[in-house]
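For reference, structure07.pdb (PDB, C-alpha atoms, pLDDT in the B column):
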```pdb
ATOM      1  CA  MET L   1      -2.640 -20.525 -48.683  1.00 38.00           C
ATOM      2  CA  LYS L   2      -5.251 -21.087 -51.268  1.00 39.00           C
ATOM      3  CA  ALA L   3      -5.790 -20.952 -55.001  1.00 37.00           C
ATOM      4  CA  ALA L   4      -7.356 -17.643 -56.639  1.00 35.00           C
ATOM      5  CA  ALA L   5     -10.667 -15.817 -56.033  1.00 32.00           C
ATOM      6  CA  ASP L   6     -12.483 -13.505 -58.459  1.00 32.00           C
ATOM      7  CA  ARG L   7     -13.432  -9.974 -57.349  1.00 31.00           C
ATOM      8  CA  THR L   8     -15.183  -8.694 -60.482  1.00 31.00           C
ATOM      9  CA  ALA L   9     -17.179 -11.536 -62.020  1.00 34.00           C
ATOM     10  CA  ARG L  10     -18.576 -14.827 -60.926  1.00 41.00           C
ATOM     11  CA  SER L  11     -16.770 -16.576 -58.670  1.00 40.00           C
ATOM     12  CA  ALA L  12      -4.719 -20.740 -60.367  1.00 30.00           C
ATOM     13  CA  SER L  13       4.854 -23.165 -63.138  1.00 31.00           C
ATOM     14  CA  ALA L  14       4.868 -26.374 -64.500  1.00 32.00           C
ATOM     15  CA  ARG L  15       5.941 -26.859 -68.109  1.00 33.00           C
ATOM     16  CA  GLY L  16       3.141 -27.559 -70.569  1.00 42.00           C
ATOM     17  CA  GLY L  17      -0.344 -28.625 -69.531  1.00 47.00           C
ATOM     18  CA  PHE L  18      -2.962 -31.344 -69.704  1.00 45.00           C
ATOM     19  CA  THR L  19      -5.657 -32.041 -72.281  1.00 47.00           C
ATOM     20  CA  ASP L  20      -8.956 -33.866 -71.973  1.00 45.00           C
ATOM     21  CA  ALA L  21      -7.433 -36.814 -73.820  1.00 45.00           C
ATOM     22  CA  ASP L  22      -4.656 -37.103 -71.233  1.00 45.00           C
ATOM     23  CA  TYR L  23      -6.863 -37.677 -68.205  1.00 43.00           C
ATOM     24  CA  GLY L  24     -10.493 -37.857 -69.224  1.00 43.00           C
ATOM     25  CA  THR L  25     -12.905 -36.864 -66.478  1.00 48.00           C
ATOM     26  CA  GLY L  26     -10.412 -36.043 -63.742  1.00 53.00           C
ATOM     27  CA  SER L  27     -10.383 -38.937 -61.274  1.00 64.00           C
ATOM     28  CA  ALA L  28      -8.753 -38.468 -57.877  1.00 65.00           C
ATOM     29  CA  GLY L  29      -5.785 -40.539 -59.067  1.00 71.00           C
ATOM     30  CA  SER L  30      -5.209 -38.388 -62.140  1.00 92.00           C
ATOM     31  CA  ILE L  31      -5.426 -35.166 -60.098  1.00 92.00           C
ATOM     32  CA  GLN L  32      -2.887 -36.610 -57.665  1.00 94.00           C
ATOM     33  CA  ALA L  33      -0.567 -37.488 -60.559  1.00 94.00           C
ATOM     34  CA  ARG L  34      -0.882 -34.024 -62.101  1.00 95.00           C
ATOM     35  CA  LEU L  35      -0.094 -32.289 -58.823  1.00 95.00           C
ATOM     36  CA  ALA L  36       2.840 -34.630 -58.182  1.00 95.00           C
ATOM     37  CA  ALA L  37       4.238 -33.758 -61.626  1.00 95.00           C
ATOM     38  CA  LEU L  38       4.468 -30.043 -60.777  1.00 95.00           C
ATOM     39  CA  ASP L  39       7.885 -28.509 -60.133  1.00 96.00           C
ATOM     40  CA  TRP L  40       7.480 -28.183 -56.377  1.00 96.00           C
ATOM     41  CA  LYS L  41      11.005 -26.869 -55.907  1.00 96.00           C
ATOM     42  CA  ALA L  42      10.195 -23.952 -58.221  1.00 96.00           C
ATOM     43  CA  ILE L  43       6.837 -23.468 -56.475  1.00 95.00           C
ATOM     44  CA  GLU L  44       8.541 -23.317 -53.081  1.00 96.00           C
ATOM     45  CA  GLU L  45      11.165 -20.852 -54.320  1.00 96.00           C
ATOM     46  CA  SER L  46       8.485 -18.588 -55.828  1.00 94.00           C
ATOM     47  CA  LEU L  47       6.378 -18.682 -52.647  1.00 94.00           C
ATOM     48  CA  TRP L  48       9.389 -17.669 -50.563  1.00 94.00           C
ATOM     49  CA  ARG L  49      10.378 -14.908 -52.947  1.00 92.00           C
ATOM     50  CA  PHE L  50       7.022 -13.453 -53.989  1.00 89.00           C
ATOM     51  CA  GLY L  51       4.316 -14.947 -51.744  1.00 89.00           C
ATOM     52  CA  TYR L  52       2.707 -16.769 -54.692  1.00 91.00           C
ATOM     53  CA  ALA L  53       3.521 -19.375 -57.345  1.00 94.00           C
ATOM     54  CA  LYS L  54       1.900 -20.011 -60.716  1.00 91.00           C
ATOM     55  CA  ALA L  55       1.499 -23.631 -61.822  1.00 88.00           C
ATOM     56  CA  GLY L  56      -0.430 -25.177 -64.653  1.00 75.00           C
ATOM     57  CA  PRO L  57      -2.525 -25.742 -66.593  1.00 85.00           C
ATOM     58  CA  VAL L  58      -3.583 -28.494 -64.190  1.00 93.00           C
ATOM     59  CA  LEU L  59      -7.287 -28.797 -65.073  1.00 92.00           C
ATOM     60  CA  THR L  60      -8.466 -29.649 -68.587  1.00 92.00           C
ATOM     61  CA  PRO L  61     -10.943 -27.497 -70.557  1.00 91.00           C
ATOM     62  CA  ALA L  62     -13.655 -30.133 -70.019  1.00 93.00           C
ATOM     63  CA  GLU L  63     -13.064 -30.128 -66.262  1.00 93.00           C
ATOM     64  CA  CYS L  64     -13.269 -26.335 -66.174  1.00 92.00           C
ATOM     65  CA  ALA L  65     -16.546 -26.458 -68.121  1.00 92.00           C
ATOM     66  CA  GLU L  66     -17.914 -29.099 -65.755  1.00 93.00           C
ATOM     67  CA  LEU L  67     -17.193 -26.924 -62.712  1.00 92.00           C
ATOM     68  CA  ILE L  68     -18.658 -23.810 -64.357  1.00 90.00           C
ATOM     69  CA  ALA L  69     -21.838 -25.761 -65.170  1.00 93.00           C
ATOM     70  CA  THR L  70     -22.411 -26.470 -61.466  1.00 93.00           C
ATOM     71  CA  TYR L  71     -22.614 -22.747 -60.657  1.00 91.00           C
ATOM     72  CA  ALA L  72     -26.277 -22.466 -61.638  1.00 91.00           C
ATOM     73  CA  ASP L  73     -27.262 -25.417 -59.412  1.00 93.00           C
ATOM     74  CA  ALA L  74     -28.134 -23.734 -56.114  1.00 89.00           C
ATOM     75  CA  GLY L  75     -28.462 -27.128 -54.433  1.00 90.00           C
ATOM     76  CA  ARG L  76     -24.692 -27.665 -54.702  1.00 91.00           C
ATOM     77  CA  PHE L  77     -23.894 -24.645 -52.532  1.00 89.00           C
ATOM     78  CA  ARG L  78     -24.446 -23.721 -48.891  1.00 87.00           C
ATOM     79  CA  SER L  79     -24.309 -19.920 -49.280  1.00 86.00           C
ATOM     80  CA  ARG L  80     -23.988 -17.145 -51.853  1.00 87.00           C
ATOM     81  CA  VAL L  81     -22.264 -13.761 -51.426  1.00 84.00           C
ATOM     82  CA  ASN L  82     -23.172 -10.657 -53.437  1.00 84.00           C
ATOM     83  CA  MET L  83     -19.827  -8.881 -53.712  1.00 78.00           C
ATOM     84  CA  ALA L  84     -21.256  -5.393 -54.243  1.00 78.00           C
ATOM     85  CA  ARG L  85     -23.005  -5.561 -50.875  1.00 81.00           C
ATOM     86  CA  PHE L  86     -19.631  -5.732 -49.124  1.00 71.00           C
ATOM     87  CA  LYS L  87     -17.903  -3.398 -51.608  1.00 72.00           C
ATOM     88  CA  PHE L  88     -15.725  -6.283 -52.837  1.00 73.00           C
ATOM     89  CA  GLY L  89     -16.460  -5.461 -56.494  1.00 74.00           C
ATOM     90  CA  VAL L  90     -19.124  -6.567 -58.976  1.00 75.00           C
ATOM     91  CA  GLY L  91     -20.198 -10.202 -59.104  1.00 79.00           C
ATOM     92  CA  ASP L  92     -20.892 -13.022 -56.706  1.00 86.00           C
ATOM     93  CA  TYR L  93     -19.379 -16.170 -55.296  1.00 84.00           C
ATOM     94  CA  GLN L  94     -20.760 -19.298 -53.668  1.00 88.00           C
ATOM     95  CA  TYR L  95     -19.515 -21.814 -51.110  1.00 86.00           C
ATOM     96  CA  PHE L  96     -19.848 -25.494 -51.987  1.00 89.00           C
ATOM     97  CA  ALA L  97     -21.892 -27.650 -49.636  1.00 88.00           C
ATOM     98  CA  ALA L  98     -20.602 -31.061 -48.561  1.00 85.00           C
ATOM     99  CA  PRO L  99     -19.853 -33.363 -50.183  1.00 88.00           C
ATOM    100  CA  LEU L 100     -17.507 -31.467 -52.465  1.00 89.00           C
ATOM    101  CA  PRO L 101     -17.317 -32.426 -56.151  1.00 90.00           C
ATOM    102  CA  PRO L 102     -14.739 -35.255 -56.473  1.00 92.00           C
ATOM    103  CA  LEU L 103     -12.400 -33.101 -58.566  1.00 92.00           C
ATOM    104  CA  VAL L 104     -12.391 -30.326 -55.951  1.00 91.00           C
ATOM    105  CA  GLN L 105     -11.926 -32.816 -53.111  1.00 92.00           C
ATOM    106  CA  ALA L 106      -8.974 -34.388 -54.942  1.00 93.00           C
ATOM    107  CA  LEU L 107      -7.327 -30.989 -55.450  1.00 93.00           C
ATOM    108  CA  ARG L 108      -7.843 -30.157 -51.799  1.00 92.00           C
ATOM    109  CA  THR L 109      -6.520 -33.497 -50.529  1.00 93.00           C
ATOM    110  CA  HIS L 110      -3.411 -33.808 -52.671  1.00 95.00           C
ATOM    111  CA  ALA L 111      -2.274 -30.168 -52.832  1.00 93.00           C
ATOM    112  CA  TYR L 112      -2.365 -29.769 -49.062  1.00 93.00           C
ATOM    113  CA  PRO L 113       0.640 -31.879 -47.865  1.00 95.00           C
ATOM    114  CA  PRO L 114       3.415 -30.128 -49.851  1.00 95.00           C
ATOM    115  CA  LEU L 115       1.898 -26.713 -49.097  1.00 94.00           C
ATOM    116  CA  ALA L 116       1.610 -27.513 -45.378  1.00 94.00           C
ATOM    117  CA  ALA L 117       5.316 -28.363 -45.343  1.00 95.00           C
ATOM    118  CA  ILE L 118       6.150 -24.978 -46.895  1.00 94.00           C
ATOM    119  CA  ALA L 119       3.774 -23.201 -44.503  1.00 94.00           C
ATOM    120  CA  ASN L 120       5.546 -24.832 -41.549  1.00 95.00           C
ATOM    121  CA  GLN L 121       8.868 -23.500 -42.853  1.00 94.00           C
ATOM    122  CA  TRP L 122       7.297 -20.037 -42.949  1.00 92.00           C
ATOM    123  CA  GLU L 123       6.052 -20.358 -39.364  1.00 93.00           C
ATOM    124  CA  ALA L 124       9.527 -21.454 -38.228  1.00 94.00           C
ATOM    125  CA  ALA L 125      11.145 -18.504 -40.014  1.00 93.00           C
ATOM    126  CA  LEU L 126       8.746 -16.134 -38.225  1.00 91.00           C
ATOM    127  CA  GLY L 127       9.359 -17.793 -34.864  1.00 92.00           C
ATOM    128  CA  THR L 128       5.735 -18.821 -34.284  1.00 91.00           C
ATOM    129  CA  ALA L 129       4.635 -21.935 -32.415  1.00 88.00           C
ATOM    130  CA  LEU L 130       2.020 -22.823 -35.042  1.00 88.00           C
ATOM    131  CA  LEU L 131       2.455 -26.205 -36.726  1.00 90.00           C
ATOM    132  CA  HIS L 132       0.190 -27.200 -39.619  1.00 92.00           C
ATOM    133  CA  PRO L 133      -0.895 -30.886 -39.661  1.00 92.00           C
ATOM    134  CA  PRO L 134       0.842 -33.035 -42.301  1.00 92.00           C
ATOM    135  CA  ASP L 135      -2.281 -34.098 -44.226  1.00 93.00           C
ATOM    136  CA  LEU L 136      -5.785 -32.825 -44.910  1.00 91.00           C
ATOM    137  CA  ALA L 137      -7.489 -35.472 -42.760  1.00 91.00           C
ATOM    138  CA  ALA L 138      -5.529 -34.318 -39.709  1.00 91.00           C
ATOM    139  CA  LEU L 139      -6.326 -30.667 -40.477  1.00 90.00           C
ATOM    140  CA  GLN L 140     -10.037 -31.429 -40.815  1.00 88.00           C
ATOM    141  CA  ALA L 141      -9.992 -33.337 -37.522  1.00 90.00           C
ATOM    142  CA  LEU L 142      -8.518 -30.224 -35.894  1.00 87.00           C
ATOM    143  CA  CYS L 143     -11.212 -28.085 -37.554  1.00 86.00           C
ATOM    144  CA  ARG L 144     -13.956 -30.384 -36.233  1.00 85.00           C
ATOM    145  CA  ARG L 145     -12.621 -30.080 -32.690  1.00 87.00           C
ATOM    146  CA  ARG L 146     -12.983 -26.314 -33.076  1.00 83.00           C
ATOM    147  CA  GLY L 147     -16.490 -26.497 -34.500  1.00 83.00           C
ATOM    148  CA  GLN L 148     -15.403 -25.784 -38.094  1.00 81.00           C
ATOM    149  CA  THR L 149     -17.214 -28.237 -40.369  1.00 77.00           C
ATOM    150  CA  LYS L 150     -18.223 -26.335 -43.520  1.00 74.00           C
ATOM    151  CA  PRO L 151     -16.075 -26.768 -46.641  1.00 66.00           C
ATOM    152  CA  THR L 152     -14.352 -24.436 -49.063  1.00 47.00           C
ATOM    153  CA  ARG L 153     -15.621 -22.049 -51.776  1.00 37.00           C
ATOM    154  CA  ARG L 154     -15.858 -22.386 -55.569  1.00 30.00           C
ATOM    155  CA  GLY L 155     -15.100 -21.265 -58.414  1.00 31.00           C
ATOM    156  CA  VAL L 156     -14.059 -18.553 -70.236  1.00 45.00           C
ATOM    157  CA  ASP L 157     -13.274 -16.136 -72.358  1.00 60.00           C
ATOM    158  CA  TYR L 158     -12.851 -12.589 -71.085  1.00 68.00           C
ATOM    159  CA  THR L 159     -10.598  -9.518 -71.162  1.00 74.00           C
ATOM    160  CA  GLY L 160      -9.194  -7.841 -68.070  1.00 81.00           C
ATOM    161  CA  GLY L 161      -9.623  -9.763 -64.838  1.00 83.00           C
ATOM    162  CA  ASP L 162      -5.952 -10.213 -63.910  1.00 86.00           C
ATOM    163  CA  PHE L 163      -5.311 -11.731 -60.485  1.00 85.00           C
ATOM    164  CA  LEU L 164      -3.854  -9.058 -58.192  1.00 89.00           C
ATOM    165  CA  LEU L 165      -1.572  -9.271 -55.158  1.00 87.00           C
ATOM    166  CA  VAL L 166      -0.416  -6.323 -53.046  1.00 89.00           C
ATOM    167  CA  GLU L 167       2.339  -6.798 -50.481  1.00 89.00           C
ATOM    168  CA  GLN L 168       2.525  -4.269 -47.654  1.00 86.00           C
ATOM    169  CA  ARG L 169       6.014  -3.828 -46.208  1.00 78.00           C
ATOM    170  CA  PRO L 170       6.898  -1.827 -43.081  1.00 77.00           C
ATOM    171  CA  ARG L 171       8.327   1.625 -43.846  1.00 75.00           C
ATOM    172  CA  ALA L 172       8.364   0.884 -47.578  1.00 76.00           C
ATOM    173  CA  GLN L 173       6.108   1.347 -50.584  1.00 80.00           C
ATOM    174  CA  SER L 174       3.588  -1.430 -51.185  1.00 84.00           C
ATOM    175  CA  ARG L 175       4.448  -3.785 -54.047  1.00 84.00           C
ATOM    176  CA  GLY L 176       1.782  -4.953 -56.499  1.00 85.00           C
ATOM    177  CA  GLU L 177       1.653  -7.894 -58.921  1.00 87.00           C
ATOM    178  CA  ALA L 178      -0.827  -8.432 -61.780  1.00 86.00           C
ATOM    179  CA  ILE L 179      -0.880 -12.111 -62.772  1.00 86.00           C
ATOM    180  CA  ALA L 180      -2.478 -13.214 -66.050  1.00 82.00           C
ATOM    181  CA  THR L 181      -3.659 -16.833 -66.096  1.00 81.00           C
ATOM    182  CA  GLU L 182      -4.783 -19.301 -68.745  1.00 79.00           C
ATOM    183  CA  GLN L 183      -7.722 -21.675 -68.408  1.00 79.00           C
ATOM    184  CA  GLY L 184      -6.965 -24.523 -66.013  1.00 79.00           C
ATOM    185  CA  GLU L 185      -3.907 -22.903 -64.435  1.00 85.00           C
ATOM    186  CA  ILE L 186      -3.542 -22.563 -60.691  1.00 86.00           C
ATOM    187  CA  VAL L 187      -2.085 -19.780 -58.583  1.00 89.00           C
ATOM    188  CA  ILE L 188      -0.904 -20.774 -55.117  1.00 88.00           C
ATOM    189  CA  PHE L 189      -0.771 -17.819 -52.756  1.00 90.00           C
ATOM    190  CA  THR L 190      -0.877 -16.716 -49.154  1.00 87.00           C
ATOM    191  CA  THR L 191      -4.122 -15.140 -47.984  1.00 84.00           C
ATOM    192  CA  ARG L 192      -2.653 -13.196 -45.040  1.00 86.00           C
ATOM    193  CA  TYR L 193       1.128 -12.875 -44.745  1.00 85.00           C
ATOM    194  CA  ARG L 194       4.453 -14.351 -45.772  1.00 91.00           C
ATOM    195  CA  PRO L 195       7.939 -14.289 -44.239  1.00 91.00           C
ATOM    196  CA  ALA L 196      10.071 -11.618 -45.918  1.00 88.00           C
ATOM    197  CA  GLU L 197      13.768 -11.356 -45.152  1.00 87.00           C
ATOM    198  CA  GLY L 198      15.087  -8.043 -43.882  1.00 86.00           C
ATOM    199  CA  ALA L 199      18.324  -6.760 -42.369  1.00 84.00           C
ATOM    200  CA  ARG L 200      17.402  -8.237 -38.969  1.00 85.00           C
ATOM    201  CA  GLY L 201      15.942 -11.532 -40.109  1.00 88.00           C
ATOM    202  CA  PHE L 202      12.431 -12.468 -41.191  1.00 91.00           C
ATOM    203  CA  TYR L 203       9.355 -10.302 -40.656  1.00 88.00           C
ATOM    204  CA  ARG L 204       5.680 -10.632 -41.581  1.00 89.00           C
ATOM    205  CA  ALA L 205       4.746  -9.022 -44.889  1.00 88.00           C
ATOM    206  CA  THR L 206       0.975  -8.661 -45.267  1.00 90.00           C
ATOM    207  CA  VAL L 207      -0.340  -9.811 -48.657  1.00 90.00           C
ATOM    208  CA  ARG L 208      -3.808  -8.913 -49.965  1.00 88.00           C
ATOM    209  CA  HIS L 209      -5.438 -10.311 -53.096  1.00 85.00           C
ATOM    210  CA  GLY L 210      -8.121  -9.389 -55.602  1.00 85.00           C
ATOM    211  CA  VAL L 211      -8.925  -9.278 -59.314  1.00 85.00           C
ATOM    212  CA  SER L 212      -8.819  -6.357 -61.733  1.00 84.00           C
ATOM    213  CA  ARG L 213     -12.000  -5.247 -63.480  1.00 79.00           C
ATOM    214  CA  VAL L 214     -13.332  -7.693 -66.083  1.00 79.00           C
ATOM    215  CA  LEU L 215     -13.734  -5.644 -69.268  1.00 77.00           C
ATOM    216  CA  SER L 216     -15.695  -8.187 -71.307  1.00 75.00           C
ATOM    217  CA  GLY L 217     -16.916 -11.771 -71.126  1.00 77.00           C
ATOM    218  CA  SER L 218     -17.274 -13.934 -68.011  1.00 76.00           C
ATOM    219  CA  ARG L 219     -14.564 -15.000 -65.578  1.00 79.00           C
ATOM    220  CA  TYR L 220     -15.006 -18.036 -63.329  1.00 82.00           C
ATOM    221  CA  THR L 221     -12.545 -19.061 -60.623  1.00 84.00           C
ATOM    222  CA  LEU L 222     -12.344 -22.136 -58.408  1.00 84.00           C
ATOM    223  CA  GLY L 223     -11.002 -21.240 -54.958  1.00 85.00           C
ATOM    224  CA  VAL L 224      -9.662 -24.158 -52.890  1.00 84.00           C
ATOM    225  CA  ILE L 225      -9.337 -23.477 -49.153  1.00 81.00           C
ATOM    226  CA  PHE L 226      -7.832 -26.186 -46.958  1.00 82.00           C
ATOM    227  CA  HIS L 227      -9.272 -25.407 -43.530  1.00 81.00           C
ATOM    228  CA  ASP L 228     -12.977 -25.772 -42.782  1.00 78.00           C
ATOM    229  CA  ALA L 229     -15.187 -22.956 -41.481  1.00 76.00           C
ATOM    230  CA  LYS L 230     -17.791 -22.578 -38.755  1.00 70.00           C
TER     231      LYS L 230
END
```
Write out the structure in this file as structure tokens.
Amino acid sequence: MKAAADRTARSASARGGFTDADYGTGSAGSIQARLAALDWKAIEESLWRFGYAKAGPVLTPAECAELIATYADAGRFRSRVNMARFKFGVGDYQYFAAPLPPLVQALRTHAYPPLAAIANQWEAALGTALLHPPDLAALQALCRRRGQTKPTRRGVDYTGGDFLLVEQRPRAQSRGEAIATEQGEIVIFTTRYRPAEGARGFYRATVRHGVSRVLSGSRYTLGVIFHDAK
């Protein structure tokens, strides 16, 4: 699972939201408190039913602006991808270098445990032997043993640019979702598959994601991936 990536420009439900006055600059403790305040029961139910859950706003406008401002600083990133080259769309995205910005690290650390618990329920429903570690430190230790040491990728006024999910089901028509988000919101979603219940129990439903064409303005997205890469 991760939280949304933009396919057409530079490259996330709790009640209400947070303002800059509520939490200031976004310390690790305040991010932890905001994530803990989310309706995780509703998030879990939505993930089981649809393969995604919308929650937020979690980040304040000032925090969003701070993250966007880092995008022009090439020294903060380890690689850049031109999306047109791979026929992903129009735009680009970059992968943060270590160390991650404190706000991103806090999101990664404190969102992982409840999502790992849900992911383990999914694996059990599908009958797999895979067990996700209970916290991010344990997951990163596993990644290091496998030679995966590079961290996640990063991420406004605009029109268009809805977040898209397409679920492919065996012997059935694919199902699409277009999800409109507000600044600072998060979308939690599976990047590969989810357990879907059929007449004979659970089966793997493949879920693909993207973003509709941005018609005007600029769209920035922060993508938080929990595992490390080689």
- Just give me the gap between atom CA of L:Phe189 and atom CA of L:Ala137 in Å, one decimal is fine.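 Result for atom CA of L:Phe189 versus atom CA of L:Ala137: 21.4 Å, one decimal.
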- In Å to one decimal, how far is atom CA of L:Phe163 from atom CA of L:Ala178?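 Between atom CA of L:Ala178 and atom CA of L:Phe163 the gap works out to 5.7 Å.
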- Go through L:Ala229, L:Leu103, L:Leu126, L:Met83 and flag the residue nearest L:Gly210, using only C-alpha atoms for the distances. L:Met83
With 6 Å on each side, where is the centre of the axis-aligned box around all listed atoms of stretch 189-208 of chain L, and how long are its edges in Å to one decimal, as lines of an AutoDock Vina configuration file?
```
center_x = 7.1
center_y = -12.3
center_z = -45.9
size_x = 34.4
size_y = 23.1
size_z = 25.8
```
- Distance criterion (only C-alpha atoms): nearest to L:Val207 out of L:Gly51, L:Thr181, L:Ile118, L:Val58: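 Checking each of L:Gly51, L:Thr181, L:Ile118, L:Val58 against L:Val207, counting only C-alpha atoms, the winner is L:Gly51.
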- Message: List as JSON, numbers by chain the protein and nucleic acid residues near L:Gly161, meaning an atom at most 6 Å away when only C-alpha atoms are counted, but skip any in the same chain fewer than 3 places from it.
- Response: {"L": [211, 212, 213, 214]}
Picked residues, the PyMOL selection byres ((chain L and resi 47) around 10), as a compact mmCIF listing (two decimals) with C-alpha atoms, in the frame of the given file:
```txt
# COMPACT_ATOMS: atom_id res chain seq x y z
CA LYS L 41 11.00 -26.87 -55.91
CA ALA L 42 10.20 -23.95 -58.22
CA ILE L 43 6.84 -23.47 -56.48
CA GLU L 44 8.54 -23.32 -53.08
CA GLU L 45 11.16 -20.85 -54.32
CA SER L 46 8.48 -18.59 -55.83
CA TRP L 48 9.39 -17.67 -50.56
CA ARG L 49 10.38 -14.91 -52.95
CA PHE L 50 7.02 -13.45 -53.99
CA GLY L 51 4.32 -14.95 -51.74
CA TYR L 52 2.71 -16.77 -54.69
CA ALA L 53 3.52 -19.38 -57.34
CA LYS L 54 1.90 -20.01 -60.72
CA LEU L 115 1.90 -26.71 -49.10
CA ILE L 118 6.15 -24.98 -46.90
CA ALA L 119 3.77 -23.20 -44.50
CA TRP L 122 7.30 -20.04 -42.95
CA ILE L 188 -0.90 -20.77 -55.12
CA PHE L 189 -0.77 -17.82 -52.76
CA THR L 190 -0.88 -16.72 -49.15
CA ARG L 194 4.45 -14.35 -45.77
CA PRO L 195 7.94 -14.29 -44.24
```
- Item | Pairwise distance for atom CA of L:Arg192 and atom CA of L:Phe88, rounded to one decimal in Å |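 Those two atoms sit 16.7 Å apart.
Between L:His132 and the residues L:His209, L:Pro113, L:Gly147, L:Arg204, the shortest atom-to-atom distance, using all atoms listed in the file, involves L:Pro113.
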